[in-house]
$ cat structure.tsv   # TSV, C-alpha atoms
chain	number	residue	atom	x	y	z
J	1	MET	CA	-53.49	-29.20	11.42
J	2	GLN	CA	-55.89	-30.16	14.15
J	3	GLY	CA	-56.34	-27.83	17.13
J	4	HIS	CA	-54.56	-24.91	15.43
J	5	PRO	CA	-56.10	-21.83	13.78
J	6	GLU	CA	-56.09	-21.70	9.97
J	7	ASP	CA	-53.08	-20.11	8.28
J	8	HIS	CA	-55.03	-17.25	6.73
J	9	GLU	CA	-56.42	-16.34	10.16
J	10	LEU	CA	-52.95	-16.41	11.69
J	11	LEU	CA	-51.64	-14.21	8.89
J	12	ARG	CA	-54.48	-11.74	9.35
J	13	LEU	CA	-53.75	-11.50	13.08
J	14	PHE	CA	-50.02	-11.13	12.44
J	15	ARG	CA	-50.70	-7.96	10.46
J	16	LEU	CA	-52.48	-6.38	13.44
J	17	PRO	CA	-49.79	-4.69	15.56
J	18	ASP	CA	-51.39	-5.63	18.89
J	19	GLN	CA	-51.86	-9.24	17.81
J	20	LYS	CA	-48.56	-9.74	16.04
J	21	GLU	CA	-46.65	-11.60	18.75
J	22	LYS	CA	-49.61	-13.74	19.73
J	23	ALA	CA	-50.19	-14.76	16.13
J	24	PHE	CA	-46.51	-15.53	15.66
J	25	THR	CA	-46.46	-17.70	18.76
J	26	SER	CA	-49.38	-19.64	17.29
J	27	ILE	CA	-47.54	-20.08	13.99
J	28	ILE	CA	-44.49	-21.44	15.83
J	29	ARG	CA	-46.63	-23.80	17.90
J	30	LYS	CA	-48.43	-25.03	14.82
J	31	TYR	CA	-45.36	-25.86	12.77
J	32	GLN	CA	-42.45	-26.19	15.18
J	33	GLU	CA	-42.44	-29.97	15.52
J	34	LYS	CA	-42.70	-30.77	11.83
J	35	LEU	CA	-40.03	-28.20	10.97
J	36	TYR	CA	-37.80	-29.27	13.83
J	37	TRP	CA	-37.76	-32.89	12.70
J	38	HIS	CA	-37.25	-31.89	9.08
J	39	ILE	CA	-34.21	-29.88	10.13
J	40	ARG	CA	-33.01	-32.42	12.67
J	41	ARG	CA	-32.97	-35.22	10.07
J	42	LEU	CA	-30.70	-33.05	7.95
J	43	VAL	CA	-28.31	-31.65	10.57
J	44	ILE	CA	-28.56	-34.59	13.04
J	45	HIS	CA	-27.71	-32.91	16.36
J	46	HIS	CA	-30.33	-31.23	18.50
J	47	GLU	CA	-28.17	-28.16	19.19
J	48	ASP	CA	-27.65	-27.60	15.49
J	49	ALA	CA	-31.33	-28.20	14.74
J	50	ASN	CA	-32.30	-25.75	17.47
J	51	ASP	CA	-29.99	-23.07	16.01
J	52	VAL	CA	-31.34	-23.55	12.50
J	53	LEU	CA	-34.96	-23.64	13.68
J	54	GLN	CA	-34.66	-20.44	15.69
J	55	ASN	CA	-32.82	-18.66	12.88
J	56	MET	CA	-35.43	-19.70	10.37
J	57	PHE	CA	-38.27	-18.48	12.59
J	58	ILE	CA	-36.50	-15.12	12.93
J	59	LYS	CA	-36.36	-14.94	9.12
J	60	VAL	CA	-40.04	-15.79	9.04
J	61	TRP	CA	-40.77	-12.95	11.47
J	62	ASN	CA	-38.90	-10.52	9.23
J	63	GLY	CA	-40.48	-11.75	6.00
J	64	LEU	CA	-44.00	-12.65	7.03
J	65	GLU	CA	-45.27	-9.11	6.58
J	66	ASN	CA	-44.56	-9.41	2.85
J	67	PHE	CA	-45.64	-13.03	2.49
J	68	ARG	CA	-47.97	-13.48	-0.49
J	69	GLU	CA	-50.96	-15.56	0.44
J	70	ASP	CA	-51.17	-17.16	-2.98
J	71	ALA	CA	-48.46	-19.51	-1.71
J	72	ARG	CA	-49.12	-21.83	1.21
J	73	LEU	CA	-47.54	-20.84	4.50
J	74	TYR	CA	-46.64	-24.46	5.19
J	75	THR	CA	-44.74	-24.73	1.88
J	76	TRP	CA	-42.97	-21.41	2.46
J	77	LEU	CA	-41.87	-22.45	5.94
J	78	TYR	CA	-40.48	-25.73	4.62
J	79	ARG	CA	-38.57	-23.91	1.95
J	80	ILE	CA	-36.96	-21.58	4.49
J	81	ALA	CA	-36.21	-24.51	6.81
J	82	THR	CA	-34.60	-26.47	3.96
J	83	ASN	CA	-32.52	-23.54	2.77
J	84	GLU	CA	-31.39	-22.71	6.30
J	85	SER	CA	-30.43	-26.34	6.91
J	86	LEU	CA	-28.45	-26.54	3.68
J	87	SER	CA	-26.68	-23.26	4.43
J	88	TYR	CA	-25.83	-24.55	7.88
J	89	LEU	CA	-24.45	-27.81	6.47
J	90	GLU	CA	-22.42	-25.81	3.94
J	91	GLN	CA	-20.93	-23.72	6.75
J	92	MET	CA	-20.11	-26.89	8.67
J	93	LYS	CA	-18.37	-28.35	5.63
J	94	LYS	CA	-16.27	-25.20	5.18
J	95	ARG	CA	-15.39	-25.23	8.87
J	96	ALA	CA	-14.47	-28.91	8.63
J	97	VAL	CA	-12.04	-28.21	5.77
J	98	THR	CA	-10.11	-25.72	7.88
J	99	SER	CA	-10.44	-27.49	11.24
J	100	ILE	CA	-8.10	-30.22	12.42
J	101	ASP	CA	-10.96	-31.52	14.58
J	102	ALA	CA	-13.09	-32.19	11.53
J	103	MET	CA	-14.67	-35.61	11.47
J	104	PRO	CA	-13.37	-37.55	8.46
J	105	GLY	CA	-16.61	-39.53	8.04
J	106	GLY	CA	-18.83	-36.46	7.74
J	107	MET	CA	-22.51	-36.81	8.69
J	108	GLY	CA	-22.19	-40.58	9.18
J	109	ASP	CA	-19.78	-40.03	12.06
J	110	SER	CA	-21.99	-37.22	13.27
J	111	LEU	CA	-24.79	-39.76	13.57
J	112	ALA	CA	-22.53	-42.16	15.44
J	113	ALA	CA	-22.00	-39.46	18.06
J	114	GLU	CA	-25.73	-39.41	18.84
J	115	LYS	CA	-26.91	-40.74	22.17
J	116	GLY	CA	-28.03	-44.40	21.94
J	117	PHE	CA	-26.46	-44.96	18.54
J	118	ASP	CA	-26.26	-48.66	17.68
J	119	ALA	CA	-25.07	-49.51	14.19
J	120	GLY	CA	-26.54	-53.00	14.52
J	121	LYS	CA	-30.10	-51.79	14.99
J	122	LEU	CA	-32.23	-51.40	11.90
J	123	GLU	CA	-33.57	-47.94	12.79
J	124	TRP	CA	-30.02	-46.60	13.08
J	125	LYS	CA	-28.96	-48.43	9.95
J	126	LEU	CA	-31.73	-46.61	8.10
J	127	GLN	CA	-30.42	-43.28	9.37
J	128	VAL	CA	-26.90	-44.14	8.28
J	129	ALA	CA	-28.22	-45.16	4.84
J	130	ILE	CA	-30.07	-41.83	4.51
J	131	GLN	CA	-26.86	-39.96	5.30
J	132	GLN	CA	-25.13	-41.76	2.43
J	133	LEU	CA	-27.53	-40.19	-0.09
J	134	PRO	CA	-26.66	-37.11	-2.12
J	135	GLU	CA	-28.06	-33.94	-0.52
J	136	LYS	CA	-31.03	-33.45	-2.85
J	137	GLN	CA	-32.09	-37.11	-2.72
J	138	ARG	CA	-31.82	-37.04	1.07
J	139	ILE	CA	-34.17	-34.07	1.29
J	140	VAL	CA	-36.63	-35.64	-1.16
J	141	PHE	CA	-36.58	-38.94	0.71
J	142	ASN	CA	-37.11	-37.25	4.08
J	143	LEU	CA	-39.97	-35.07	2.84
J	144	ARG	CA	-41.75	-38.01	1.25
J	145	TYR	CA	-40.92	-40.82	3.65
J	146	TYR	CA	-41.25	-38.96	6.96
J	147	ASP	CA	-43.36	-35.89	6.20
J	148	GLU	CA	-45.46	-37.63	3.57
J	149	MET	CA	-45.46	-34.48	1.50
J	150	PRO	CA	-47.31	-34.57	-1.85
J	151	TYR	CA	-45.00	-34.14	-4.86
J	152	GLU	CA	-46.84	-30.96	-5.88
J	153	GLN	CA	-46.02	-29.30	-2.57
J	154	MET	CA	-42.51	-30.66	-2.60
J	155	SER	CA	-42.15	-29.18	-6.05
J	156	GLN	CA	-42.88	-25.73	-4.58
J	157	VAL	CA	-40.51	-26.25	-1.68
J	158	LEU	CA	-37.59	-27.44	-3.80
J	159	GLU	CA	-38.47	-25.64	-7.03
J	160	THR	CA	-38.12	-28.89	-8.99
J	161	SER	CA	-40.66	-30.63	-11.19
J	162	ALA	CA	-42.84	-33.32	-9.60
J	163	GLY	CA	-41.60	-35.86	-12.15
J	164	ALA	CA	-37.95	-35.22	-11.27
J	165	LEU	CA	-38.79	-35.50	-7.57
J	166	LYS	CA	-40.55	-38.81	-8.14
J	167	ALA	CA	-37.49	-40.16	-9.94
J	168	SER	CA	-35.24	-38.83	-7.19
J	169	TYR	CA	-37.32	-40.54	-4.50
J	170	HIS	CA	-37.20	-43.79	-6.45
J	171	HIS	CA	-33.41	-43.67	-6.68
J	172	ALA	CA	-33.11	-42.79	-3.00
J	173	VAL	CA	-35.29	-45.72	-1.88
J	174	LYS	CA	-33.33	-48.15	-4.02
J	175	LYS	CA	-30.02	-46.93	-2.62
J	176	ILE	CA	-31.28	-47.22	0.94
J	177	GLU	CA	-32.58	-50.71	0.33
J	178	ASP	CA	-29.27	-51.69	-1.17
J	179	TYR	CA	-27.39	-50.30	1.83
J	180	ILE	CA	-29.59	-52.02	4.40
J	181	LEU	CA	-29.45	-55.39	2.63
J	182	ASN	CA	-25.67	-55.24	2.34
J	183	HIS	CA	-24.77	-53.96	5.81
U	184	MET	CA	-45.10	-48.21	14.41
U	185	THR	CA	-46.22	-44.78	13.14
U	186	LYS	CA	-49.46	-44.79	11.13
U	187	ARG	CA	-48.68	-43.88	7.54
U	188	ASP	CA	-50.56	-42.49	4.57
U	189	PRO	CA	-51.68	-45.61	2.63
U	190	ASN	CA	-50.75	-44.03	-0.71
U	191	ILE	CA	-47.21	-43.40	0.42
U	192	THR	CA	-46.94	-46.90	1.83
U	193	GLU	CA	-48.20	-48.42	-1.43
U	194	GLU	CA	-45.75	-46.33	-3.44
U	195	LEU	CA	-42.90	-47.44	-1.17
U	196	LYS	CA	-43.91	-51.09	-1.37
U	197	ALA	CA	-43.84	-50.86	-5.15
U	198	ILE	CA	-40.31	-49.47	-5.08
U	199	SER	CA	-38.89	-51.53	-2.21
U	200	PRO	CA	-40.85	-53.88	0.06
U	201	ALA	CA	-37.82	-54.07	2.35
U	202	VAL	CA	-37.77	-50.31	3.02
U	203	ALA	CA	-41.59	-50.23	3.28
U	204	ASN	CA	-41.41	-52.65	6.17
U	205	LEU	CA	-38.99	-50.50	8.17
U	206	ASP	CA	-40.30	-48.57	11.18
U	207	PRO	CA	-40.15	-44.89	10.21
U	208	THR	CA	-39.92	-43.80	13.84
U	209	LEU	CA	-36.72	-41.84	14.38
U	210	PRO	CA	-34.30	-43.34	16.88
U	211	TYR	CA	-33.46	-39.95	18.38
U	212	THR	CA	-35.56	-37.52	20.38
U	213	ALA	CA	-35.82	-33.85	21.25
U	214	PRO	CA	-35.14	-32.75	24.84
U	215	ALA	CA	-38.16	-32.89	27.18
U	216	GLY	CA	-40.22	-29.69	27.10
U	217	TYR	CA	-38.30	-28.32	24.13
U	218	PHE	CA	-41.37	-27.47	22.06
U	219	ASP	CA	-43.10	-25.78	25.01
U	220	CYS	CA	-40.27	-23.26	25.36
U	221	LEU	CA	-39.40	-22.71	21.70
U	222	PRO	CA	-41.91	-19.91	20.89
U	223	ASP	CA	-40.75	-17.85	23.88
U	224	GLN	CA	-37.10	-18.40	22.97
U	225	VAL	CA	-37.67	-17.26	19.38
U	226	LEU	CA	-39.72	-14.23	20.45
U	227	GLY	CA	-37.06	-13.40	23.04
U	228	ARG	CA	-34.41	-13.30	20.32
U	229	ILE	CA	-36.63	-11.18	18.08
U	230	TRP	CA	-37.28	-8.79	20.97
U	231	GLU	CA	-33.55	-8.46	21.62
U	232	MET	CA	-32.84	-7.83	17.94
U	233	GLU	CA	-35.41	-5.08	17.77
U	234	ASN	CA	-34.37	-3.52	21.09
U	235	PRO	CA	-30.59	-2.89	21.27
U	236	GLN	CA	-30.79	-1.98	24.98
U	237	GLN	CA	-32.46	-5.32	25.68
U	238	GLU	CA	-29.86	-7.10	23.56
U	239	ILE	CA	-26.89	-5.68	25.47
U	240	LEU	CA	-28.70	-6.36	28.73
U	241	GLY	CA	-28.94	-10.01	27.76
U	242	LEU	CA	-25.31	-10.17	26.61
U	243	SER	CA	-23.73	-8.24	29.46
U	244	PRO	CA	-25.64	-6.42	32.22
U	245	LEU	CA	-22.36	-4.71	33.18
U	246	LEU	CA	-21.94	-3.10	29.74
U	247	ALA	CA	-25.65	-2.28	29.63
U	248	GLY	CA	-25.19	-0.32	32.87
U	249	LEU	CA	-22.21	1.58	31.46
U	250	LYS	CA	-24.03	2.58	28.29
U	251	GLY	CA	-24.43	6.33	27.95
U	252	GLN	CA	-21.68	7.11	30.47
U	253	THR	CA	-18.53	8.86	29.29
U	254	PRO	CA	-15.42	9.76	31.28
U	255	PHE	CA	-14.76	12.79	29.09
U	256	GLU	CA	-15.83	16.26	30.19
U	257	LEU	CA	-17.13	18.96	27.90
U	258	PRO	CA	-17.03	22.74	28.50
U	259	GLU	CA	-20.41	24.05	29.52
U	260	GLY	CA	-22.52	25.16	26.55
U	261	TYR	CA	-19.93	23.84	24.06
U	262	PHE	CA	-22.35	22.78	21.39
U	263	GLU	CA	-24.27	26.06	21.55
U	264	THR	CA	-21.13	28.11	20.80
U	265	VAL	CA	-19.00	25.86	18.60
U	266	SER	CA	-20.50	26.97	15.28
U	267	ASP	CA	-19.93	30.66	16.10
U	268	GLN	CA	-16.35	29.91	17.10
U	269	VAL	CA	-15.64	28.14	13.82
U	270	ILE	CA	-17.06	30.99	11.74
U	271	ARG	CA	-15.11	33.61	13.71
U	272	ARG	CA	-11.83	31.71	13.37
U	273	ALA	CA	-12.33	31.20	9.67
U	274	ALA	CA	-12.91	34.93	9.22
U	275	GLU	CA	-9.81	35.79	11.29
U	276	THR	CA	-7.38	33.42	9.60
U	277	GLY	CA	-8.33	33.65	5.95
U	278	ASN	CA	-10.59	36.68	5.90
U	279	GLN	CA	-12.93	34.33	4.15
U	280	LYS	CA	-16.25	32.85	4.90
U	281	PRO	CA	-16.23	29.22	5.93
U	282	GLU	CA	-16.78	26.57	3.32
U	283	ALA	CA	-20.48	26.26	4.04
U	284	GLU	CA	-21.00	29.89	2.94
U	285	THR	CA	-18.48	30.16	0.11
U	286	GLY	CA	-18.85	26.76	-1.52
U	287	LYS	CA	-16.25	24.16	-2.31
U	288	LEU	CA	-12.58	24.92	-1.62
U	289	VAL	CA	-10.29	24.33	-4.58
U	290	SER	CA	-6.73	23.09	-4.17
U	291	MET	CA	-4.02	25.71	-4.82
U	292	SER	CA	-1.57	23.23	-6.22
U	293	ALA	CA	-2.26	24.18	-9.85
U	294	ALA	CA	-1.60	27.88	-9.19
U	295	ARG	CA	1.57	27.05	-7.27
U	296	ASN	CA	2.80	24.97	-10.20
U	297	TRP	CA	2.24	27.91	-12.51
U	298	THR	CA	4.29	30.24	-10.30
U	299	LYS	CA	7.12	27.69	-10.21
U	300	LEU	CA	7.13	27.44	-13.99
U	301	ALA	CA	7.06	31.23	-14.39
U	302	ALA	CA	9.94	31.65	-11.93
U	303	ALA	CA	11.95	28.97	-13.72
U	304	ALA	CA	11.32	30.70	-17.05
U	305	VAL	CA	12.51	34.04	-15.67
U	306	ILE	CA	15.67	32.49	-14.20
U	307	THR	CA	16.39	30.79	-17.52
U	308	ALA	CA	15.91	34.10	-19.35
U	309	VAL	CA	18.31	35.93	-17.04
U	310	ILE	CA	21.01	33.28	-17.40
U	311	ALA	CA	20.58	33.20	-21.16
U	312	GLY	CA	20.72	37.01	-21.21
U	313	SER	CA	23.96	36.91	-19.24
U	314	ALA	CA	25.45	34.47	-21.68
U	315	TRP	CA	24.39	36.59	-24.60
U	316	TYR	CA	25.86	39.71	-23.06
U	317	PHE	CA	29.17	37.96	-22.48
U	318	THR	CA	29.42	36.60	-25.98
U	319	ARG	CA	28.42	39.97	-27.44
U	320	THR	CA	31.13	41.87	-25.60
U	321	SER	CA	33.83	39.31	-26.29
U	322	ASN	CA	32.98	38.88	-29.96
U	323	GLU	CA	31.77	42.29	-30.96
U	324	GLY	CA	31.31	42.74	-34.68
U	325	SER	CA	30.69	39.11	-35.50
U	326	GLY	CA	27.12	39.85	-36.50
U	327	ALA	CA	25.63	36.80	-34.88
U	328	THR	CA	23.43	37.42	-31.83
U	329	GLN	CA	20.62	35.83	-29.93
U	330	GLU	CA	17.20	37.23	-29.57
U	331	LEU	CA	15.34	36.84	-26.36
U	332	ALA	CA	11.63	37.14	-26.71
U	333	ALA	CA	9.12	37.43	-23.92
U	334	THR	CA	5.68	36.21	-24.68
U	335	ASN	CA	2.75	36.14	-22.22
U	336	GLY	CA	5.02	35.91	-19.20
U	337	SER	CA	7.05	32.98	-20.52
U	338	VAL	CA	10.44	33.55	-22.08
U	339	GLU	CA	12.02	31.65	-24.92
U	340	VAL	CA	15.39	31.94	-26.59
U	341	LYS	CA	15.49	32.25	-30.35
U	342	ASP	CA	18.53	32.12	-32.55
U	343	THR	CA	18.82	34.95	-35.00
U	344	LEU	CA	21.61	36.65	-36.78
U	345	SER	CA	20.95	40.22	-35.62
U	346	VAL	CA	18.97	41.90	-32.83
U	347	SER	CA	19.21	45.53	-31.91
U	348	ASP	CA	20.54	46.58	-28.48
U	349	GLU	CA	17.34	48.50	-27.81
U	350	ALA	CA	15.27	45.36	-28.22
U	351	LEU	CA	17.46	43.44	-25.83
U	352	LEU	CA	17.44	46.19	-23.19
U	353	SER	CA	13.69	46.38	-23.57
U	354	PHE	CA	13.47	42.63	-22.91
U	355	LEU	CA	15.51	42.93	-19.74
U	356	ASP	CA	13.31	45.75	-18.54
U	357	GLU	CA	10.22	43.64	-19.19
U	358	THR	CA	11.74	40.72	-17.37
U	359	GLU	CA	12.37	42.80	-14.31
U	360	ALA	CA	8.84	44.13	-14.48
U	361	LEU	CA	7.31	40.69	-14.10
U	362	PRO	CA	5.66	40.15	-10.69
U	363	VAL	CA	8.34	37.67	-9.76
U	364	ASP	CA	8.54	38.46	-6.05
U	365	ASP	CA	4.91	37.68	-5.48
U	366	MET	CA	5.30	34.34	-7.15
U	367	ILE	CA	8.62	33.37	-5.63
U	368	LEU	CA	7.69	34.13	-2.05
U	369	GLU	CA	5.07	31.42	-2.17
U	370	ASP	CA	7.65	28.84	-3.16
U	371	ASP	CA	9.63	27.60	-0.17
U	372	SER	CA	11.90	25.52	-2.35
U	373	LEU	CA	13.70	28.56	-3.75
U	374	THR	CA	16.79	29.65	-1.88
U	375	GLU	CA	17.99	33.17	-1.11
U	376	GLN	CA	20.64	32.72	-3.76
U	377	SER	CA	18.10	32.10	-6.46
U	378	LEU	CA	16.05	35.08	-5.30
U	379	ALA	CA	19.14	37.29	-5.61
U	380	ILE	CA	19.62	36.18	-9.20
U	381	LEU	CA	16.16	37.45	-10.03
U	382	ASP	CA	16.98	40.95	-8.85
U	383	LEU	CA	19.17	41.81	-11.82
U	384	ASN	CA	19.54	44.55	-14.32
U	385	GLU	CA	22.10	45.17	-17.03
U	386	ASN	CA	24.65	46.92	-14.79
U	387	ARG	CA	24.51	44.26	-12.14
U	388	ILE	CA	24.90	41.54	-14.75
U	389	GLN	CA	28.04	43.31	-15.95
U	390	GLU	CA	29.39	43.55	-12.41
U	391	MET	CA	28.69	39.88	-11.86
U	392	LEU	CA	30.36	38.83	-15.06
U	393	GLU	CA	33.50	40.78	-14.16
U	394	GLU	CA	33.82	38.70	-10.99
U	395	ILE	CA	33.66	35.41	-12.94
U	396	PRO	CA	36.98	34.06	-14.31
U	397	ASP	CA	37.19	33.99	-18.11
U	398	SER	CA	37.88	30.28	-18.11
U	399	ASP	CA	34.55	29.55	-16.33
U	400	LEU	CA	32.66	31.71	-18.76
U	401	GLN	CA	34.34	30.03	-21.74
U	402	GLU	CA	33.38	26.67	-20.33
U	403	TYR	CA	29.77	27.81	-19.90
U	404	VAL	CA	29.56	29.15	-23.46
U	405	SER	CA	31.02	25.98	-24.92
U	406	SER	CA	28.25	24.02	-23.16
U	407	LEU	CA	25.56	25.97	-25.05
U	408	PRO	CA	24.06	24.48	-28.28
U	409	GLU	CA	26.53	24.92	-31.15
U	410	ASP	CA	24.18	26.22	-33.84
U	411	GLY	CA	22.94	29.01	-31.58
U	412	ILE	CA	26.25	30.41	-30.43
U	413	SER	CA	28.94	29.30	-32.84
U	414	GLY	CA	28.53	32.40	-34.98
U	415	SER	CA	29.36	34.68	-32.10
U	416	MET	CA	32.38	32.63	-31.01
U	417	ASN	CA	34.11	32.84	-34.35
$ encode --input "structure.tsv" --output "structure tokens"
Amino acid sequence: MQGHPEDHELLRLFRLPDQKEKAFTSIIRKYQEKLYWHIRRLVIHHEDANDVLQNMFIKVWNGLENFREDARLYTWLYRIATNESLSYLEQMKKRAVTSIDAMPGGMGDSLAAEKGFDAGKLEWKLQVAIQQLPEKQRIVFNLRYYDEMPYEQMSQVLETSAGALKASYHHAVKKIEDYILNH
Amino acid sequence: MTKRDPNITEELKAISPAVANLDPTLPYTAPAGYFDCLPDQVLGRIWEMENPQQEILGLSPLLAGLKGQTPFELPEGYFETVSDQVIRRAAETGNQKPEAETGKLVSMSAARNWTKLAAAAVITAVIAGSAWYFTRTSNEGSGATQELAATNGSVEVKDTLSVSDEALLSFLDETEALPVDDMILEDDSLTEQSLAILDLNENRIQEMLEEIPDSDLQEYVSSLPEDGISGSMN
């Protein structure tokens, strides 16, 4: 990423007690936006995304000491962000089952509650279509379509073969196209 | 429109030209200045987690101020003397060293059970002896008697046809010699009446039997097992 120190340099600094916080701040600054939007596209609301993002960075702080440099930091961060987002969504689902305030339409209604939502506009229609996808396909579509992540990296994030991810992306695109053309 | 990786755009066009033509820009935004503050917010939370005093200060300054204060008073020098006090009291009450010096304390329940069983066996022996004495005196010459045998502190009744008087008197003497008092005094469940029964010898048994109506004694004997006593009742 342009303007940011290399990952291996940040990791080296993180292991120096007097540089630890400074290095961690740099890691957050380097990846915060990409991770935020990855999380936000999954959980929709800013408040939820902020919770998940902060929690995931705290996990990173606790685990970074033992991070093996044979894996890429970027991939590892995405994996934690994805897992944290899915755990958060799972908790929300469980809460929705027991709550009388639960929204019957799930994430689609959650999207409709966003500021400026307009179901007639194409950009919102795309978001609604993405929310109709099964969880795994939604993640694959987001990582490929928005983050433009190579299948090899995605394979490390999601622990799924590149071929399966390719097929998943294909199915997701077709479903989205179908939704947009029919709504 | 956001500039895209040409490979990804080509791939998308091949799958769906309609989706490839969509603007990938998200219709929602993050609050202004959010990313400037995020690192400090995260580090603030980490700092609080690793410093409990800082955490409680952030949650409630009032409770943070009260931390470490207690309304309870303690005698001066309490903790310097408490171990000596415990050891002294242990020595006074049980004339034993405290657990730390003597090892694990073992429950006395097993020993208490043994004393109960021994006491019950002695009481049974005395009652059986009384019954035997009665039947012997009322049916003298029948030839059938009971033998009472004491073995290792427990007493059992055996049916035999003949036992000498000496053997029976010897049994009663042995029964009286058992350390019954020591055992009984530990058992709160025994009444004074039952303790009195234990303090018996042959003469006292005779005196007691004279006070009991014949009809009651007959009723008692008839309740005993037939094969053990029938010979003496004939």
$ residues_around --input "structure.tsv" --residues "Gly163 of chain J" --least-positions-apart "6" --cutoff "10 Å" --atoms "only C-alpha atoms" --output "list in words"
Tyr151, Glu152, Ser155 and Tyr169 of chain J
$ closest_atom_pairs --input "structure.tsv" --of "chain J" --to "chain U" --cutoff "7 Å" --atoms "only C-alpha atoms" --output "CSV"
residue,atom,partner,partner_atom,distance
J:Thr25,CA,U:Pro222,CA,5.5
J:Ile28,CA,U:Pro222,CA,5.9
J:Arg29,CA,U:Pro222,CA,6.8
J:His46,CA,U:Ala213,CA,6.7
J:Gln54,CA,U:Val225,CA,5.7
J:Phe57,CA,U:Val225,CA,6.9
J:Ile58,CA,U:Ile229,CA,6.5
J:Glu123,CA,U:Pro210,CA,6.2
J:Trp124,CA,U:Pro210,CA,6.6
J:Tyr146,CA,U:Pro207,CA,6.9
J:Glu148,CA,U:Ile191,CA,6.8
J:His170,CA,U:Ile198,CA,6.6
J:Val173,CA,U:Ser199,CA,6.8
J:Lys174,CA,U:Ser199,CA,6.8
J:Glu177,CA,U:Val202,CA,5.9
$ atom_distance --input "structure.tsv" --atom1 "atom CA of Ile310 of chain U" --atom2 "atom CA of Glu402 of chain U"
14.3 Å
$ residues_around --input "structure.tsv" --residues "segment 80-96 of chain J" --least-positions-apart "5" --cutoff "9 Å" --atoms "all atoms listed in the file" --output "JSON, numbers by chain"
{"J": [35, 36, 38, 39, 40, 42, 43, 48, 49, 52, 53, 55, 56, 57, 59, 60, 75, 101, 102, 103, 104, 106, 135, 139, 157, 158]}
$ atom_distance --input "structure.tsv" --atom1 "atom CA of Glu69 of chain J" --atom2 "atom CA of Gln19 of chain J"
18.5 Å
$ atom_distance --input "structure.tsv" --atom1 "atom CA of Pro258 of chain U" --atom2 "atom CA of Thr276 of chain U"
23.8 Å
$ residues_around --input "structure.tsv" --residues "Ala314 of chain U" --least-positions-apart "5" --cutoff "9 Å" --atoms "only C-alpha atoms" --output "list in words"
Val309, Arg319, Leu400, Tyr403 and Val404 of chain U
$ residues_around --input "structure.tsv" --residues "Tyr74 of chain J" --least-positions-apart "6" --cutoff "10 Å" --atoms "only C-alpha atoms" --output "PyMOL selection string"
chain J and resi 7+27+30-31+34-35+153+157
